Amino acid sequence: MGRVDTTYTRAVAAARLDAIEMRAVNWCIWKLAMPAVLITALLPFYRFIMTLEHPFQRAFAQGDFILFAAILLFEVGVEAEWGSHQPRHLKVSSSLTKAVAALLMALYWVIKHDVIVKEEALARTSILASQQTILAKLSDYAWLSCGVGSVSLICAALLLIAVVDHQKREELREFGVAT
Amino acid sequence: MIDDVVKTVAITLAACVPLLLIVLARRTRSTRMRQGQVRWLRSQVSRAMAQLSSSSSEEVLAGLQTIAFLNDPVARSFARPRVEALTKSNDDRVAQQALATLSRLDAAIAAEPSSGVAC
């Protein structure tokens, strides 16, 4: 290897080699997968370690997944705007993501308030039928929370992949390869 | 009524998950394919840069052709001085190819949006 290519390799490594992929992978591990796993871990923790009654409702009805989804979507919406020459579809997607995140935040307040009211009612009532009704409602909230969390996780990953894909297309275009 | 809405939305979202996962898998596959293409092109540029410094004229010719064909802006700026030196090569084929490559490099550098802007 001569002097020319060594300098080139160093320059490339410093300037561009897979920087966006590394950023995306780090983002997915520490901001997407890790918090999702930790929130999901509440269910086995409540069921098997604390052995609480109706652990599913306790773990997810309060809407922690919705809050997580809102923060995740805000974050990915901001990240997708990175770079000066983003295509129109990415700009629209990132704005839409932030708007959905704001809506989810409002939904989180409503659900949290209702769940607190229902949990208080559950603690006060001793009638089995009304306990069952309240638990069914809490279960619906828990499923909603899980559904919103899962869909948001996938949408965030899709937006992130779209950003990486755009960057790769640009690199291929720079190389003179049609995409 | 609100409870029904909550239940319906929850079921709809759950139904969307497998579909979204399929879309995610397809997008991931196509992005990985592009990533592979970029990596391969980078390796070719890196190899071409090494070939420019080779003692074999065949290797140098191959390197010059690759540099001329692949329009990489980073490689252009690093390869240009070497290509310029190769235009004075004793080997006529190398000198001619270096001239052709140099004119392509200069045309590409001139076409860059940032060219001509003082740093």
# chains A, B, ... in the order shown; residues from 1 in each chain; ligands from 1
call {"tool": "select_by_dssp", "arguments": {"residues": "range 28-112 of chain A", "states": "alpha helix (DSSP H)", "output": "ChimeraX atom specification"}}
result
/A:34-40,42-44,55-60,64-79,88-112
call {"tool": "residues_around", "arguments": {"residues": "Asp140 in chain A", "least_positions_apart": "5", "cutoff": "8 Å", "atoms": "only C-alpha atoms", "output": "PyMOL selection string"}}
result
(chain A and resi 61) or (chain B and resi 3+6-7+10)
call {"tool": "residues_around", "arguments": {"residues": "Leu102 in chain B", "least_positions_apart": "3", "cutoff": "9 Å", "atoms": "only C-alpha atoms", "output": "list in words"}}
result
Ala68, Arg80, Val83, Glu84, Thr87, Gln97, Ala98, Leu99, Leu105, Asp106 and Ala107 of chain B
call {"tool": "atom_distance", "arguments": {"atom1": "CA of Ala110 in chain B", "atom2": "CA of Gln96 in chain B"}}
result
21.2 Å
call {"tool": "closest_residue", "arguments": {"among": "A:Gly147, A:Val117, A:Arg173, A:Gln57", "to": "chain B", "atoms": "only C-alpha atoms"}}
result
A:Gly147
call {"tool": "residues_around", "arguments": {"residues": "range 23-28 of chain B", "least_positions_apart": "6", "cutoff": "12 Å", "atoms": "only C-alpha atoms", "output": "ChimeraX atom specification"}}
result
/A:151,153-166 /B:16-17,34-35
call {"tool": "atom_distance", "arguments": {"atom1": "CA of Val74 in chain B", "atom2": "CA of Glu59 in chain B"}}
result
20.9 Å
call {"tool": "interface_residues", "arguments": {"of": "chain B", "to": "chain A", "cutoff": "10 Å", "atoms": "only C-alpha atoms", "output": "count of residues only"}}
result
60
call {"tool": "atom_distance", "arguments": {"atom1": "CA of Phe65 in chain A", "atom2": "CA of Leu122 in chain A"}}
result
22.2 Å
call {"tool": "closest_residue", "arguments": {"among": "A:Gln86, A:Leu135, A:Leu72, A:Ser93", "to": "Ala33 in chain A", "atoms": "only C-alpha atoms"}}
result
A:Leu72
